[in-house]
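A short worksheet on the structure shown next.
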Amino acid sequence: MNYWLIKSEPFKYSWEQFEQEGLTMWDGVRNYGARNNLRSMKKGDLAFWYHSNEGMEIVGIAKVVKEAYQDPTTDNPAWLVVDFKPLKKLKVPVSLQVLKQDPRLTNMDLIRLGRLSVQTVKPEEWEIVLQYAKTI
């Protein structure tokens, strides 16, 4: 299993909306690095749901339920989407500020590649975040 982080601005699409809908197609990605990460996702992979700009915190865990396919919002075959379902809301949201203060997370994509909307998360980073979220 691989781990990921996906970003959403809560005023556009919040964790709460995602939970209510129960399934979402992750569309509109127009960055090649983020697209490549979508392409690498496999059914069953897990992703942190990060509220960007507003809140700037990890708030939940989503699960990949359908692997990459053509983004229906564009005719350009270069762009892909992945389907996610909500798995779990974090007991304690984990802020970017908290993550930046942990020296073990210096190389985490969220710290190094702040603007990338779909990121990788190493297994050891995943576990550290879960510890902050009090989910393990």
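Chain labels run A, B, ... following the order of the structure tokens; each chain numbers its residues from 1, and ligands are numbered from 1 in the order shown.
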
Write out as a PyMOL selection string all residues of chain A that DSSP puts in strand (DSSP E or B) for this structure's backbone. chain A and resi 3-8+24-26+46-51+57-70+80-95+118-121

Fewer than 5 positions away in the same chain doesn't count, so skip those; otherwise give me all residues within 12 Å of Val81 of chain A, counting only C-alpha atoms, as a PyMOL selection string. chain A and resi 24-30+34-41+64-74+118

Just write the chosen residues, N, CA and C atoms, as a tab-separated table (two decimals), in the first residue's frame.
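Output file again-v9.tsv follows:
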```tsv
chain	number	residue	atom	x	y	z
A	24	THR	N	-15.89	10.89	-4.13
A	24	THR	CA	-15.56	12.03	-4.98
A	24	THR	C	-14.56	11.63	-6.05
A	25	MET	N	-14.68	12.33	-7.17
A	25	MET	CA	-13.72	12.19	-8.27
A	25	MET	C	-12.74	13.35	-8.11
A	26	TRP	N	-11.46	13.04	-7.97
A	26	TRP	CA	-10.44	14.07	-7.77
A	26	TRP	C	-10.05	14.62	-9.14
A	27	ASP	N	-10.74	15.69	-9.54
A	27	ASP	CA	-10.54	16.24	-10.88
A	27	ASP	C	-9.89	17.62	-10.83
A	28	GLY	N	-9.60	18.15	-12.01
A	28	GLY	CA	-9.07	19.50	-12.12
A	28	GLY	C	-7.58	19.63	-11.89
A	29	VAL	N	-6.87	18.53	-11.71
A	29	VAL	CA	-5.42	18.59	-11.51
A	29	VAL	C	-4.75	18.97	-12.83
A	30	ARG	N	-3.97	20.05	-12.81
A	30	ARG	CA	-3.31	20.53	-14.03
A	30	ARG	C	-1.83	20.78	-13.80
A	34	ALA	N	1.66	16.43	-9.87
A	34	ALA	CA	0.46	15.94	-9.19
A	34	ALA	C	-0.23	14.87	-10.04
A	35	ARG	N	-0.30	15.09	-11.35
A	35	ARG	CA	-0.90	14.11	-12.26
A	35	ARG	C	-0.17	12.78	-12.20
A	36	ASN	N	1.16	12.84	-12.16
A	36	ASN	CA	1.95	11.61	-12.09
A	36	ASN	C	1.67	10.87	-10.79
A	37	ASN	N	1.45	11.61	-9.71
A	37	ASN	CA	1.10	10.96	-8.44
A	37	ASN	C	-0.28	10.30	-8.54
A	38	LEU	N	-1.23	10.98	-9.17
A	38	LEU	CA	-2.55	10.36	-9.38
A	38	LEU	C	-2.41	9.06	-10.18
A	39	ARG	N	-1.60	9.10	-11.21
A	39	ARG	CA	-1.39	7.92	-12.07
A	39	ARG	C	-0.82	6.75	-11.28
A	40	SER	N	-0.02	7.05	-10.26
A	40	SER	CA	0.64	5.99	-9.47
A	40	SER	C	-0.25	5.38	-8.39
A	41	MET	N	-1.38	6.00	-8.12
A	41	MET	CA	-2.26	5.51	-7.05
A	41	MET	C	-2.91	4.19	-7.44
A	64	VAL	N	-8.47	5.29	-1.93
A	64	VAL	CA	-8.62	5.20	-3.38
A	64	VAL	C	-9.56	4.04	-3.69
A	65	VAL	N	-10.66	4.34	-4.41
A	65	VAL	CA	-11.61	3.29	-4.77
A	65	VAL	C	-11.64	3.03	-6.28
A	66	LYS	N	-11.08	3.95	-7.06
A	66	LYS	CA	-10.96	3.73	-8.50
A	66	LYS	C	-9.68	4.40	-8.97
A	67	GLU	N	-8.86	3.62	-9.66
A	67	GLU	CA	-7.56	4.12	-10.13
A	67	GLU	C	-7.74	5.11	-11.28
A	68	ALA	N	-6.65	5.74	-11.65
A	68	ALA	CA	-6.63	6.84	-12.61
A	68	ALA	C	-7.35	6.52	-13.92
A	69	TYR	N	-8.13	7.51	-14.36
A	69	TYR	CA	-8.80	7.47	-15.67
A	69	TYR	C	-8.91	8.89	-16.20
A	70	GLN	N	-9.29	9.02	-17.46
A	70	GLN	CA	-9.37	10.31	-18.14
A	70	GLN	C	-10.23	11.31	-17.36
A	71	ASP	N	-9.72	12.51	-17.15
A	71	ASP	CA	-10.48	13.57	-16.47
A	71	ASP	C	-11.62	14.03	-17.39
A	72	PRO	N	-12.87	13.81	-16.98
A	72	PRO	CA	-14.00	14.17	-17.84
A	72	PRO	C	-14.24	15.68	-17.95
A	73	THR	N	-13.50	16.48	-17.17
A	73	THR	CA	-13.67	17.94	-17.24
A	73	THR	C	-12.82	18.57	-18.34
A	74	THR	N	-12.06	17.74	-19.08
A	74	THR	CA	-11.24	18.25	-20.17
A	74	THR	C	-11.16	17.22	-21.29
A	118	VAL	N	-1.15	17.09	-5.05
A	118	VAL	CA	-1.23	15.64	-4.81
A	118	VAL	C	0.20	15.19	-4.54
```

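Take the candidates A:Ser95, A:Asn31, A:Thr120, A:Ser52 and check each one against Leu80 of chain A using only C-alpha atoms; the shortest distance goes to A:Asn31.
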
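Take atom CA of Pro103 of chain A and atom CA of Val121 of chain A: the distance between them is 15.5 Å.
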
Just want the 6 Å neighbourhood of segment 11-23 of chain A, counted on only C-alpha atoms, with same-chain residues fewer than 6 positions away dropped. Output as a PyMOL selection string. chain A and resi 84-86

Pick out the residues sitting within 10 Å of Leu5 of chain A, and hand them over as a compact mmCIF listing (two decimals) with C-alpha atoms, in the first residue's frame; count only C-alpha atoms, and ignore anything fewer than 5 positions along from it in its own chain.
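Everything below was put into result.txt:
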```txt
# COMPACT_ATOMS: atom_id res chain seq x y z
CA ASN A 37 1.10 10.96 -8.44
CA LEU A 46 -4.77 5.81 1.55
CA ALA A 47 -4.49 9.60 1.38
CA PHE A 48 -4.47 12.32 3.97
CA TRP A 49 -7.07 15.02 3.24
CA TYR A 50 -5.43 18.41 3.73
CA ILE A 58 -4.72 17.40 7.76
CA ILE A 61 -8.10 9.94 5.60
CA ALA A 62 -9.50 9.00 2.19
CA ASP A 109 6.54 16.62 0.46
CA LEU A 110 4.09 18.86 2.30
CA LEU A 116 1.88 20.49 -5.07
CA SER A 117 -1.77 19.42 -4.74
CA VAL A 118 -1.23 15.64 -4.81
CA GLN A 119 1.79 14.40 -2.88
CA THR A 120 3.50 11.25 -1.74
CA VAL A 121 3.74 10.39 1.95
CA TRP A 126 2.22 8.57 7.75
```

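The two atoms in question, atom CA of Val82 of chain A and atom CA of Ile111 of chain A, are spaced 23.6 Å apart.
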
Between atom CA of Leu105 of chain A and atom CA of Lys122 of chain A, distance in Å (one decimal):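 Pair atom CA of Leu105 of chain A / atom CA of Lys122 of chain A returns 9.8 Å.
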
As a ChimeraX atom specification, please: every residue in chain A that DSSP puts in alpha helix (DSSP H). /A:15-21,32-40,96-101,109-112,123-132

For the selection just defined, write its residues with N, CA and C atoms to a file, as an mmCIF file, in the first residue's frame.
```
data_model
loop_
_atom_site.group_PDB
_atom_site.id
_atom_site.type_symbol
_atom_site.label_atom_id
_atom_site.label_comp_id
_atom_site.auth_asym_id
_atom_site.auth_seq_id
_atom_site.Cartn_x
_atom_site.Cartn_y
_atom_site.Cartn_z
ATOM 1 N N TRP A 15 -13.808 18.577 3.827
ATOM 2 C CA TRP A 15 -13.916 17.206 4.324
ATOM 3 C C TRP A 15 -15.372 16.882 4.652
ATOM 4 N N GLU A 16 -16.060 17.830 5.254
ATOM 5 C CA GLU A 16 -17.457 17.615 5.634
ATOM 6 C C GLU A 16 -18.328 17.336 4.405
ATOM 7 N N GLN A 17 -18.118 18.089 3.345
ATOM 8 C CA GLN A 17 -18.847 17.831 2.090
ATOM 9 C C GLN A 17 -18.534 16.438 1.563
ATOM 10 N N PHE A 18 -17.255 16.097 1.585
ATOM 11 C CA PHE A 18 -16.782 14.796 1.123
ATOM 12 C C PHE A 18 -17.471 13.678 1.910
ATOM 13 N N GLU A 19 -17.521 13.824 3.229
ATOM 14 C CA GLU A 19 -18.180 12.807 4.057
ATOM 15 C C GLU A 19 -19.666 12.689 3.715
ATOM 16 N N GLN A 20 -20.318 13.818 3.498
ATOM 17 C CA GLN A 20 -21.741 13.805 3.159
ATOM 18 C C GLN A 20 -21.987 13.087 1.834
ATOM 19 N N GLU A 21 -21.129 13.353 0.853
ATOM 20 C CA GLU A 21 -21.301 12.752 -0.472
ATOM 21 C C GLU A 21 -20.863 11.295 -0.512
ATOM 22 N N TYR A 32 1.821 18.537 -13.748
ATOM 23 C CA TYR A 32 2.330 17.229 -14.170
ATOM 24 C C TYR A 32 2.802 16.366 -12.995
ATOM 25 N N GLY A 33 3.438 16.985 -11.995
ATOM 26 C CA GLY A 33 3.872 16.211 -10.832
ATOM 27 C C GLY A 33 2.697 15.609 -10.087
ATOM 28 N N ALA A 34 1.661 16.426 -9.873
ATOM 29 C CA ALA A 34 0.458 15.939 -9.195
ATOM 30 C C ALA A 34 -0.229 14.874 -10.041
ATOM 31 N N ARG A 35 -0.296 15.093 -11.350
ATOM 32 C CA ARG A 35 -0.899 14.113 -12.264
ATOM 33 C C ARG A 35 -0.166 12.784 -12.200
ATOM 34 N N ASN A 36 1.162 12.842 -12.164
ATOM 35 C CA ASN A 36 1.952 11.611 -12.091
ATOM 36 C C ASN A 36 1.667 10.866 -10.793
ATOM 37 N N ASN A 37 1.450 11.606 -9.712
ATOM 38 C CA ASN A 37 1.099 10.962 -8.444
ATOM 39 C C ASN A 37 -0.276 10.304 -8.543
ATOM 40 N N LEU A 38 -1.234 10.979 -9.169
ATOM 41 C CA LEU A 38 -2.547 10.357 -9.379
ATOM 42 C C LEU A 38 -2.410 9.062 -10.177
ATOM 43 N N ARG A 39 -1.595 9.097 -11.210
ATOM 44 C CA ARG A 39 -1.393 7.924 -12.071
ATOM 45 C C ARG A 39 -0.815 6.751 -11.285
ATOM 46 N N SER A 40 -0.020 7.046 -10.256
ATOM 47 C CA SER A 40 0.637 5.993 -9.471
ATOM 48 C C SER A 40 -0.250 5.383 -8.386
ATOM 49 N N LEU A 96 -0.137 22.304 9.639
ATOM 50 C CA LEU A 96 1.143 22.448 8.949
ATOM 51 C C LEU A 96 2.201 22.956 9.916
ATOM 52 N N GLN A 97 1.822 23.852 10.792
ATOM 53 C CA GLN A 97 2.761 24.401 11.773
ATOM 54 C C GLN A 97 3.349 23.291 12.648
ATOM 55 N N VAL A 98 2.519 22.374 13.110
ATOM 56 C CA VAL A 98 2.982 21.248 13.929
ATOM 57 C C VAL A 98 3.947 20.380 13.120
ATOM 58 N N LEU A 99 3.585 20.086 11.871
ATOM 59 C CA LEU A 99 4.432 19.239 11.028
ATOM 60 C C LEU A 99 5.787 19.882 10.763
ATOM 61 N N LYS A 100 5.793 21.181 10.535
ATOM 62 C CA LYS A 100 7.048 21.895 10.258
ATOM 63 C C LYS A 100 7.987 21.902 11.455
ATOM 64 N N GLN A 101 7.444 21.762 12.651
ATOM 65 C CA GLN A 101 8.268 21.785 13.861
ATOM 66 C C GLN A 101 8.900 20.433 14.175
ATOM 67 N N ASP A 109 6.950 15.807 1.618
ATOM 68 C CA ASP A 109 6.544 16.615 0.460
ATOM 69 C C ASP A 109 5.755 17.853 0.875
ATOM 70 N N LEU A 110 4.903 17.726 1.868
ATOM 71 C CA LEU A 110 4.093 18.862 2.305
ATOM 72 C C LEU A 110 4.981 20.029 2.758
ATOM 73 N N ILE A 111 6.112 19.727 3.316
ATOM 74 C CA ILE A 111 7.051 20.760 3.772
ATOM 75 C C ILE A 111 7.904 21.254 2.600
ATOM 76 N N ARG A 112 8.422 20.336 1.802
ATOM 77 C CA ARG A 112 9.341 20.674 0.710
ATOM 78 C C ARG A 112 8.648 21.198 -0.546
ATOM 79 N N PRO A 123 5.802 5.916 4.460
ATOM 80 C CA PRO A 123 5.151 5.197 5.569
ATOM 81 C C PRO A 123 5.519 5.746 6.949
ATOM 82 N N GLU A 124 6.769 6.104 7.153
ATOM 83 C CA GLU A 124 7.169 6.631 8.469
ATOM 84 C C GLU A 124 6.550 8.009 8.726
ATOM 85 N N GLU A 125 6.373 8.804 7.681
ATOM 86 C CA GLU A 125 5.700 10.101 7.816
ATOM 87 C C GLU A 125 4.227 9.889 8.159
ATOM 88 N N TRP A 126 3.617 8.912 7.499
ATOM 89 C CA TRP A 126 2.216 8.570 7.754
ATOM 90 C C TRP A 126 2.010 8.263 9.234
ATOM 91 N N GLU A 127 2.886 7.432 9.785
ATOM 92 C CA GLU A 127 2.768 7.023 11.190
ATOM 93 C C GLU A 127 2.951 8.206 12.136
ATOM 94 N N ILE A 128 3.874 9.093 11.824
ATOM 95 C CA ILE A 128 4.098 10.276 12.669
ATOM 96 C C ILE A 128 2.854 11.158 12.679
ATOM 97 N N VAL A 129 2.275 11.387 11.498
ATOM 98 C CA VAL A 129 1.058 12.202 11.431
ATOM 99 C C VAL A 129 -0.065 11.557 12.232
ATOM 100 N N LEU A 130 -0.224 10.241 12.117
ATOM 101 C CA LEU A 130 -1.269 9.549 12.875
ATOM 102 C C LEU A 130 -1.056 9.687 14.374
ATOM 103 N N GLN A 131 0.205 9.714 14.804
ATOM 104 C CA GLN A 131 0.476 9.917 16.220
ATOM 105 C C GLN A 131 -0.003 11.296 16.669
ATOM 106 N N TYR A 132 0.280 12.314 15.872
ATOM 107 C CA TYR A 132 -0.206 13.664 16.199
ATOM 108 C C TYR A 132 -1.729 13.704 16.192
#
```

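Nearest residue to Ile6 of chain A, choosing from A:Lys134, A:Lys63, A:Lys89, A:Arg104 and counting only C-alpha atoms: A:Lys63.
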
Excluding same-chain residues fewer than 5 positions from Lys91 of chain A, what lies within 9 Å of it counting only C-alpha atoms, as number ranges by chain? A: 59-60, 133-135

For the selection just defined, write its residues with C-alpha atoms to a file, as a compact mmCIF listing (two decimals), in the first residue's frame.
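Saved file out.txt follows:
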```txt
# COMPACT_ATOMS: atom_id res chain seq x y z
CA VAL A 59 -8.30 16.58 8.73
CA GLY A 60 -9.07 13.10 7.44
CA ALA A 133 -3.80 12.95 15.19
CA LYS A 134 -4.16 10.52 18.10
CA THR A 135 -5.52 7.84 15.79
```
